[in-house]
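Chemist: This is the content of start20.cif (mmCIF, C-alpha atoms):
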data_data
#
loop_
_atom_site.label_atom_id
_atom_site.label_comp_id
_atom_site.auth_asym_id
_atom_site.auth_seq_id
_atom_site.Cartn_x
_atom_site.Cartn_y
_atom_site.Cartn_z
CA MET A 778 -24.22 85.16 17.58
CA THR A 779 -27.91 84.41 17.96
CA SER A 780 -30.26 83.97 20.91
CA ASP A 781 -33.46 81.93 20.93
CA GLY A 782 -35.11 84.55 23.18
CA SER A 783 -37.02 81.98 25.30
CA ALA A 784 -37.73 82.92 28.90
CA GLY A 785 -35.17 81.64 31.37
CA ARG A 786 -32.97 80.02 28.74
CA ARG A 787 -30.84 81.52 26.01
CA SER A 788 -28.68 80.00 23.32
CA TRP A 789 -25.92 81.20 21.03
CA VAL A 790 -24.20 79.58 18.04
CA GLU A 791 -21.05 80.61 16.21
CA GLN A 792 -19.15 78.90 13.39
CA ILE A 793 -15.58 78.51 14.67
CA MET A 794 -12.91 75.85 14.03
CA GLY A 795 -14.93 74.68 11.04
CA MET A 796 -17.95 73.67 13.14
CA PRO A 797 -20.93 75.19 14.92
CA ILE A 798 -20.09 75.86 18.57
CA SER A 799 -23.24 76.23 20.64
CA LEU A 800 -23.79 77.64 24.10
CA HIS A 801 -26.99 77.07 26.09
CA VAL A 802 -27.45 79.00 29.33
CA ARG A 803 -30.30 78.34 31.75
CA GLN A 804 -29.17 80.73 34.49
CA GLY A 805 -26.91 83.78 34.78
CA ALA A 806 -26.44 84.75 31.11
CA ASP A 807 -23.83 87.54 31.11
CA THR A 808 -23.54 88.71 27.51
CA SER A 809 -20.08 90.24 28.02
CA ALA A 810 -18.77 86.92 29.39
CA ILE A 811 -20.33 85.04 26.52
CA ALA A 812 -18.80 87.41 23.96
CA ALA A 813 -15.40 86.97 25.63
CA ALA A 814 -15.70 83.16 25.49
CA PHE A 815 -16.41 83.17 21.76
CA ALA A 816 -13.64 85.72 21.18
CA TRP A 817 -11.20 83.36 22.92
CA LEU A 818 -12.28 80.47 20.69
CA ARG A 819 -11.79 82.60 17.56
CA ARG A 820 -8.31 83.54 18.80
CA VAL A 821 -7.41 79.86 19.22
CA ASP A 822 -8.71 79.10 15.73
CA ARG A 823 -6.58 81.85 14.20
CA MET A 824 -3.51 80.51 15.98
CA PHE A 825 -3.90 76.73 15.66
CA SER A 826 -5.99 76.04 12.54
CA LEU A 827 -4.22 73.73 10.10
CA HIS A 828 -6.58 74.97 7.38
CA ARG A 829 -5.37 78.58 7.62
CA PRO A 830 -2.00 79.19 5.95
CA ASP A 831 -1.54 82.29 8.12
CA SER A 832 -2.02 80.48 11.43
CA GLN A 833 1.00 80.21 13.68
CA VAL A 834 0.92 76.40 13.64
CA SER A 835 0.86 76.37 9.81
CA GLU A 836 3.77 78.80 9.66
CA LEU A 837 5.64 76.75 12.26
CA ASN A 838 5.21 73.60 10.16
CA ARG A 839 6.37 75.38 6.99
CA GLY A 840 9.47 76.60 8.80
CA VAL A 841 8.70 80.29 8.27
CA ARG A 842 8.12 80.91 11.99
CA ALA A 843 10.23 79.75 14.93
CA LEU A 844 8.68 78.45 18.13
CA ALA A 845 10.29 81.35 19.99
CA ASP A 846 8.33 83.74 17.76
CA CYS A 847 4.97 82.10 18.52
CA ASP A 848 2.46 83.10 21.14
CA PRO A 849 3.35 81.46 24.52
CA LEU A 850 0.17 79.42 24.14
CA MET A 851 1.95 77.44 21.42
CA ARG A 852 4.54 76.18 23.90
CA GLU A 853 1.77 75.41 26.40
CA VAL A 854 -0.05 73.26 23.84
CA LEU A 855 3.18 71.61 22.66
CA ASP A 856 3.98 70.60 26.24
CA LEU A 857 0.43 69.32 26.79
CA CYS A 858 0.67 67.22 23.61
CA GLU A 859 3.88 65.64 24.83
CA LEU A 860 2.26 64.87 28.18
CA ALA A 861 -0.72 63.36 26.31
CA ARG A 862 1.62 61.11 24.33
CA GLU A 863 3.18 59.89 27.58
CA ARG A 864 -0.16 59.34 29.35
CA THR A 865 -1.63 57.34 26.47
CA GLY A 866 1.42 55.20 25.73
CA GLY A 867 1.75 56.76 22.28
CA CYS A 868 -1.89 56.26 21.26
CA PHE A 869 -2.12 60.04 21.04
CA ASP A 870 0.66 61.94 19.32
CA ALA A 871 0.61 65.43 17.80
CA LEU A 872 3.66 64.73 15.64
CA LEU A 873 2.28 63.01 12.55
CA PRO A 874 3.39 62.59 8.93
CA GLY A 875 2.01 65.37 6.73
CA PRO A 876 0.85 65.07 3.09
CA ASP A 877 4.45 65.44 1.92
CA GLY A 878 5.66 62.69 4.24
CA ARG A 879 7.42 65.06 6.62
CA VAL A 880 6.52 65.01 10.30
CA ALA A 881 4.29 67.95 11.17
CA PHE A 882 2.88 69.31 14.42
CA ASP A 883 -0.87 68.61 14.43
CA PRO A 884 -2.33 69.50 17.86
CA SER A 885 -5.94 69.47 16.65
CA GLY A 886 -6.76 66.32 18.67
CA LEU A 887 -6.03 68.26 21.85
CA VAL A 888 -6.58 71.91 21.00
CA LYS A 889 -10.37 71.80 20.62
CA GLY A 890 -10.96 70.26 24.04
CA TRP A 891 -8.36 72.53 25.64
CA ALA A 892 -9.83 75.65 24.05
CA VAL A 893 -13.42 74.81 24.97
CA GLU A 894 -12.38 73.93 28.52
CA ARG A 895 -10.70 77.34 28.84
CA ALA A 896 -13.80 79.03 27.40
CA GLY A 897 -15.90 77.23 30.03
CA ASP A 898 -13.55 78.40 32.77
CA LEU A 899 -13.88 81.94 31.48
CA LEU A 900 -17.67 81.73 31.69
CA THR A 901 -17.54 80.29 35.22
CA ASP A 902 -15.05 82.89 36.41
CA ARG A 903 -17.39 85.63 35.16
CA GLY A 904 -20.39 84.30 37.00
CA VAL A 905 -22.17 82.17 34.38
CA ALA A 906 -23.27 79.36 36.69
CA ASP A 907 -25.28 77.06 34.43
CA PHE A 908 -24.44 76.24 30.82
CA SER A 909 -23.75 73.65 28.16
CA LEU A 910 -20.91 74.59 25.78
CA ASN A 911 -20.76 72.16 22.85
CA ALA A 912 -18.14 72.07 20.09
CA GLY A 913 -18.86 69.14 17.80
CA GLY A 914 -19.64 66.73 20.63
CA ASP A 915 -16.97 68.02 23.01
CA ILE A 916 -19.00 69.52 25.85
CA VAL A 917 -18.45 71.42 29.09
CA LEU A 918 -21.43 71.25 31.47
CA ARG A 919 -22.20 73.31 34.55
CA VAL A 920 -25.39 72.98 36.61
CA GLY A 921 -26.77 75.97 38.47
CA ALA A 922 -28.36 75.84 41.91
CA GLY A 923 -31.79 74.24 41.85
CA LEU A 924 -31.62 73.19 38.21
CA PRO A 925 -31.75 69.60 36.89
CA ARG A 926 -28.82 67.72 35.43
CA TRP A 927 -28.18 68.02 31.72
CA ARG A 928 -29.20 65.11 29.50
CA VAL A 929 -26.62 64.24 26.86
CA GLY A 930 -27.47 61.83 24.05
CA VAL A 931 -24.94 59.31 22.73
CA GLU A 932 -25.38 58.68 19.02
CA ASP A 933 -25.45 55.25 17.48
CA PRO A 934 -22.35 55.43 15.21
CA ALA A 935 -24.00 53.15 12.65
CA ALA A 936 -27.06 55.44 12.47
CA PRO A 937 -26.21 58.88 13.90
CA GLU A 938 -29.84 59.99 13.69
CA ARG A 939 -30.58 57.56 16.55
CA LEU A 940 -29.52 57.68 20.19
CA CYS A 941 -28.28 54.48 21.80
CA ALA A 942 -28.03 55.95 25.30
CA VAL A 943 -28.69 59.09 27.31
CA LEU A 944 -26.38 60.31 30.10
CA GLU A 945 -27.71 62.43 32.96
CA LEU A 946 -24.82 64.65 34.02
CA GLY A 947 -23.89 67.41 36.43
CA ASP A 948 -20.68 69.46 36.35
CA THR A 949 -18.47 67.51 33.98
CA ALA A 950 -16.76 67.41 30.60
CA VAL A 951 -17.84 65.08 27.79
CA ALA A 952 -15.76 64.23 24.72
CA THR A 953 -16.68 61.91 21.86
CA SER A 954 -14.32 60.59 19.22
CA GLY A 955 -14.96 58.13 16.43
CA THR A 956 -15.50 57.44 12.76
CA ALA A 957 -19.26 57.97 12.41
CA ARG A 958 -19.27 61.63 11.37
CA ARG A 959 -15.90 62.13 9.66
CA GLY A 960 -14.97 58.64 8.52
CA ALA A 961 -11.47 57.22 8.98
CA HIS A 962 -9.79 60.47 10.04
CA ILE A 963 -8.08 59.17 13.21
CA VAL A 964 -4.52 57.92 12.75
CA ASP A 965 -2.84 55.35 14.97
CA PRO A 966 0.47 57.15 15.68
CA ARG A 967 2.18 53.85 16.37
CA THR A 968 1.57 52.50 12.85
CA GLY A 969 0.63 55.56 10.76
CA ARG A 970 -2.57 53.78 9.67
CA ARG A 971 -6.05 55.24 9.81
CA ILE A 972 -8.61 53.63 12.10
CA GLY A 973 -11.30 51.82 10.10
CA GLY A 974 -14.67 50.40 11.01
CA THR A 975 -17.53 52.14 12.75
CA VAL A 976 -16.90 53.05 16.35
CA SER A 977 -17.58 55.83 18.82
CA VAL A 978 -16.06 56.41 22.26
CA THR A 979 -17.42 58.94 24.75
CA VAL A 980 -15.28 59.88 27.76
CA LEU A 981 -16.42 61.81 30.85
CA GLY A 982 -14.11 63.58 33.25
CA PRO A 983 -13.33 66.79 35.11
CA SER A 984 -11.22 68.22 32.26
CA LEU A 985 -12.33 68.44 28.64
CA THR A 986 -8.70 68.61 27.54
CA TRP A 987 -8.03 65.13 28.90
CA ALA A 988 -11.45 63.68 28.13
CA ASP A 989 -10.83 64.61 24.49
CA VAL A 990 -7.33 63.10 24.47
CA TYR A 991 -8.50 59.88 26.14
CA ALA A 992 -11.46 59.53 23.76
CA THR A 993 -9.10 59.68 20.78
CA ALA A 994 -6.68 57.24 22.41
CA ALA A 995 -9.56 54.87 23.20
CA VAL A 996 -10.60 54.77 19.54
CA VAL A 997 -6.99 53.94 18.61
CA ARG A 998 -6.84 51.17 21.21
CA GLY A 999 -10.23 49.75 20.16
CA PRO A 1000 -13.64 49.77 21.82
CA ASP A 1001 -13.02 46.50 23.68
CA ASP A 1002 -10.00 47.88 25.55
CA LEU A 1003 -11.26 50.36 28.14
CA ASP A 1004 -9.42 48.85 31.11
CA TRP A 1005 -6.43 51.18 30.66
CA LEU A 1006 -8.66 54.06 31.82
CA ALA A 1007 -8.57 52.52 35.30
CA ALA A 1008 -5.29 54.40 35.68
CA HIS A 1009 -7.34 57.59 35.38
CA PRO A 1010 -10.05 57.04 38.03
CA ASP A 1011 -11.69 60.44 37.49
CA HIS A 1012 -12.65 59.41 33.94
CA GLN A 1013 -15.31 57.05 32.64
CA ALA A 1014 -15.94 55.82 29.10
CA LEU A 1015 -18.71 54.44 26.90
CA ALA A 1016 -17.85 52.69 23.62
CA VAL A 1017 -20.34 51.83 20.88
CA ASP A 1018 -19.48 49.79 17.77
CA GLY A 1019 -21.21 49.48 14.42
CA SER A 1020 -23.55 46.75 15.68
CA GLY A 1021 -24.82 48.96 18.50
CA SER A 1022 -23.00 46.94 21.15
CA ILE A 1023 -22.14 49.07 24.20
CA ALA A 1024 -19.16 48.65 26.50
CA ALA A 1025 -18.71 50.94 29.51
CA THR A 1026 -16.39 51.42 32.45
CA PRO A 1027 -18.03 50.40 35.75
CA GLY A 1028 -18.68 53.91 37.03
CA LEU A 1029 -20.62 54.90 33.95
CA HIS A 1030 -23.38 52.31 34.14
CA THR A 1031 -25.28 54.27 36.77
CA LEU A 1032 -25.47 57.31 34.45
CA VAL A 1033 -26.73 55.47 31.35
CA ARG A 1034 -30.39 55.55 30.43
CA ARG A 1035 -30.90 53.13 27.50
CA ARG A 1036 -33.08 54.32 24.66
#
Kindly transcribe the structure held in the file into structure tokens.
Modeler:
Amino acid sequence: MTSDGSAGRRSWVEQIMGMPISLHVRQGADTSAIAAAFAWLRRVDRMFSLHRPDSQVSELNRGVRALADCDPLMREVLDLCELARERTGGCFDALLPGPDGRVAFDPSGLVKGWAVERAGDLLTDRGVADFSLNAGGDIVLRVGAGLPRWRVGVEDPAAPERLCAVLELGDTAVATSGTARRGAHIVDPRTGRRIGGTVSVTVLGPSLTWADVYATAAVVRGPDDLDWLAAHPDHQALAVDGSGSIAATPGLHTLVRRR
């Protein structure tokens, strides 16, 4: 854990879940709360990582551990994944074919957002009033009294070194899903096929768990089909394709500052 030491603002970065997770605090930095938030994220990684053979989810998929023998958080996540499948009409599903062709439980499309949301709640509950907690583009934002909104850049998926838009945001959650950084890693659960092309979808909402789920589902549906989010009025979306063309839900236009 490192701090930049600048007056009035501190930052920390830890490598968890195979990515750098960064925390920027402009007001009310309580080091014990911050340590607890990162400890929670490490706990989730140990339990849910598909890359760790000793994780509970890996043992569950191999059949060497029963669900009843898992931490109760496993059942919580399993139930959330089923709810996510229902809410997205099957465009999100944690039950996917594994490398051997057998169906395996892969909650990674939900767990990161859920874990970071819970870490943000932990910080808030312990008095950290102003922060940006960012895990690979999935972000929880809180704005302290008298401080400006956070500015969040949206990458151009065809050229990630460029920003195609900037969002000025208060207390909210931001999740981005797409093919720019990791290639065709998102699977359409309805067909079993990987999503091709270059696309990025950013979803804003009150809950990072659901913003993350809806961003993944939006990539599966395609960047031209954002109307289904109207059923979730607390969420807004911004989709960018490989040509740099931007589509947004109506409520998001007022937050976009074009580059």
Chemist: Give me the residues near A:Ala813 as a list in words, where near means some atom within 9 Å (using only C-alpha atoms) and where sequence neighbours in that chain fewer than 6 positions away do not count.
Modeler: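 Once the adjacent positions are removed, what remains is Ala896, Leu899 and Leu900 of chain A.
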Chemist: Go ahead and dump the residues you just picked, C-alpha atoms, as an mmCIF file, in the frame of the given file.
Modeler:
data_model
loop_
_atom_site.group_PDB
_atom_site.id
_atom_site.type_symbol
_atom_site.label_atom_id
_atom_site.label_comp_id
_atom_site.auth_asym_id
_atom_site.auth_seq_id
_atom_site.Cartn_x
_atom_site.Cartn_y
_atom_site.Cartn_z
ATOM 1 C CA ALA A 896 -13.800 79.030 27.400
ATOM 2 C CA LEU A 899 -13.880 81.940 31.480
ATOM 3 C CA LEU A 900 -17.670 81.730 31.690
#
Chemist: Please, what distance in Å, to one decimal, runs between atom CA of A:Arg939 and atom CA of A:Arg803?
Modeler: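 One can read the atom CA of A:Arg939 to atom CA of A:Arg803 distance as 25.7 Å.
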Chemist: Running the PyMOL selection byres ((chain A and resi 913) around 10) on this model by hand, what would come out? Give it as a PyMOL selection string.
Modeler: chain A and resi 794-799+889+910-912+914-916+952-954+958
Chemist: Can you spit out the residues from that selection as a PDB file, in the frame of the given file, using C-alpha atoms?
Modeler:
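The file below, part39.pdb, is the result:
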ATOM      1  CA  MET A 794     -12.910  75.850  14.030  1.00  0.00           C
ATOM      2  CA  GLY A 795     -14.930  74.680  11.040  1.00  0.00           C
ATOM      3  CA  MET A 796     -17.950  73.670  13.140  1.00  0.00           C
ATOM      4  CA  PRO A 797     -20.930  75.190  14.920  1.00  0.00           C
ATOM      5  CA  ILE A 798     -20.090  75.860  18.570  1.00  0.00           C
ATOM      6  CA  SER A 799     -23.240  76.230  20.640  1.00  0.00           C
ATOM      7  CA  LYS A 889     -10.370  71.800  20.620  1.00  0.00           C
ATOM      8  CA  LEU A 910     -20.910  74.590  25.780  1.00  0.00           C
ATOM      9  CA  ASN A 911     -20.760  72.160  22.850  1.00  0.00           C
ATOM     10  CA  ALA A 912     -18.140  72.070  20.090  1.00  0.00           C
ATOM     11  CA  GLY A 914     -19.640  66.730  20.630  1.00  0.00           C
ATOM     12  CA  ASP A 915     -16.970  68.020  23.010  1.00  0.00           C
ATOM     13  CA  ILE A 916     -19.000  69.520  25.850  1.00  0.00           C
ATOM     14  CA  ALA A 952     -15.760  64.230  24.720  1.00  0.00           C
ATOM     15  CA  THR A 953     -16.680  61.910  21.860  1.00  0.00           C
ATOM     16  CA  SER A 954     -14.320  60.590  19.220  1.00  0.00           C
ATOM     17  CA  ARG A 958     -19.270  61.630  11.370  1.00  0.00           C
TER      18      ARG A 958
END
Chemist: Compile the contact shell of A:Ser909 as a PDB file with C-alpha atoms, keeping the file's coordinate frame: residues with an atom at most 9 Å away, counting all atoms listed in the file, same-chain residues fewer than 6 positions apart removed.
Modeler:
ATOM      1  CA  SER A 799     -23.240  76.230  20.640  1.00  0.00           C
ATOM      2  CA  LEU A 800     -23.790  77.640  24.100  1.00  0.00           C
ATOM      3  CA  HIS A 801     -26.990  77.070  26.090  1.00  0.00           C
ATOM      4  CA  VAL A 802     -27.450  79.000  29.330  1.00  0.00           C
ATOM      5  CA  ARG A 803     -30.300  78.340  31.750  1.00  0.00           C
ATOM      6  CA  GLY A 897     -15.900  77.230  30.030  1.00  0.00           C
ATOM      7  CA  ILE A 916     -19.000  69.520  25.850  1.00  0.00           C
ATOM      8  CA  VAL A 917     -18.450  71.420  29.090  1.00  0.00           C
ATOM      9  CA  LEU A 918     -21.430  71.250  31.470  1.00  0.00           C
ATOM     10  CA  ARG A 919     -22.200  73.310  34.550  1.00  0.00           C
ATOM     11  CA  VAL A 920     -25.390  72.980  36.610  1.00  0.00           C
ATOM     12  CA  TRP A 927     -28.180  68.020  31.720  1.00  0.00           C
TER      13      TRP A 927
END
Chemist: Do you know which residues the PyMOL selection byres ((chain A and resi 810) around 12) returns on this file, as a VMD selection string?
Modeler: chain A and resid 800 802 805 to 809 811 to 817 896 to 906
Chemist: Quick one: pull the distance between atom CA of A:Ala1008 and atom CA of A:Tyr991, Å, one decimal.
Modeler: 11.5 Å
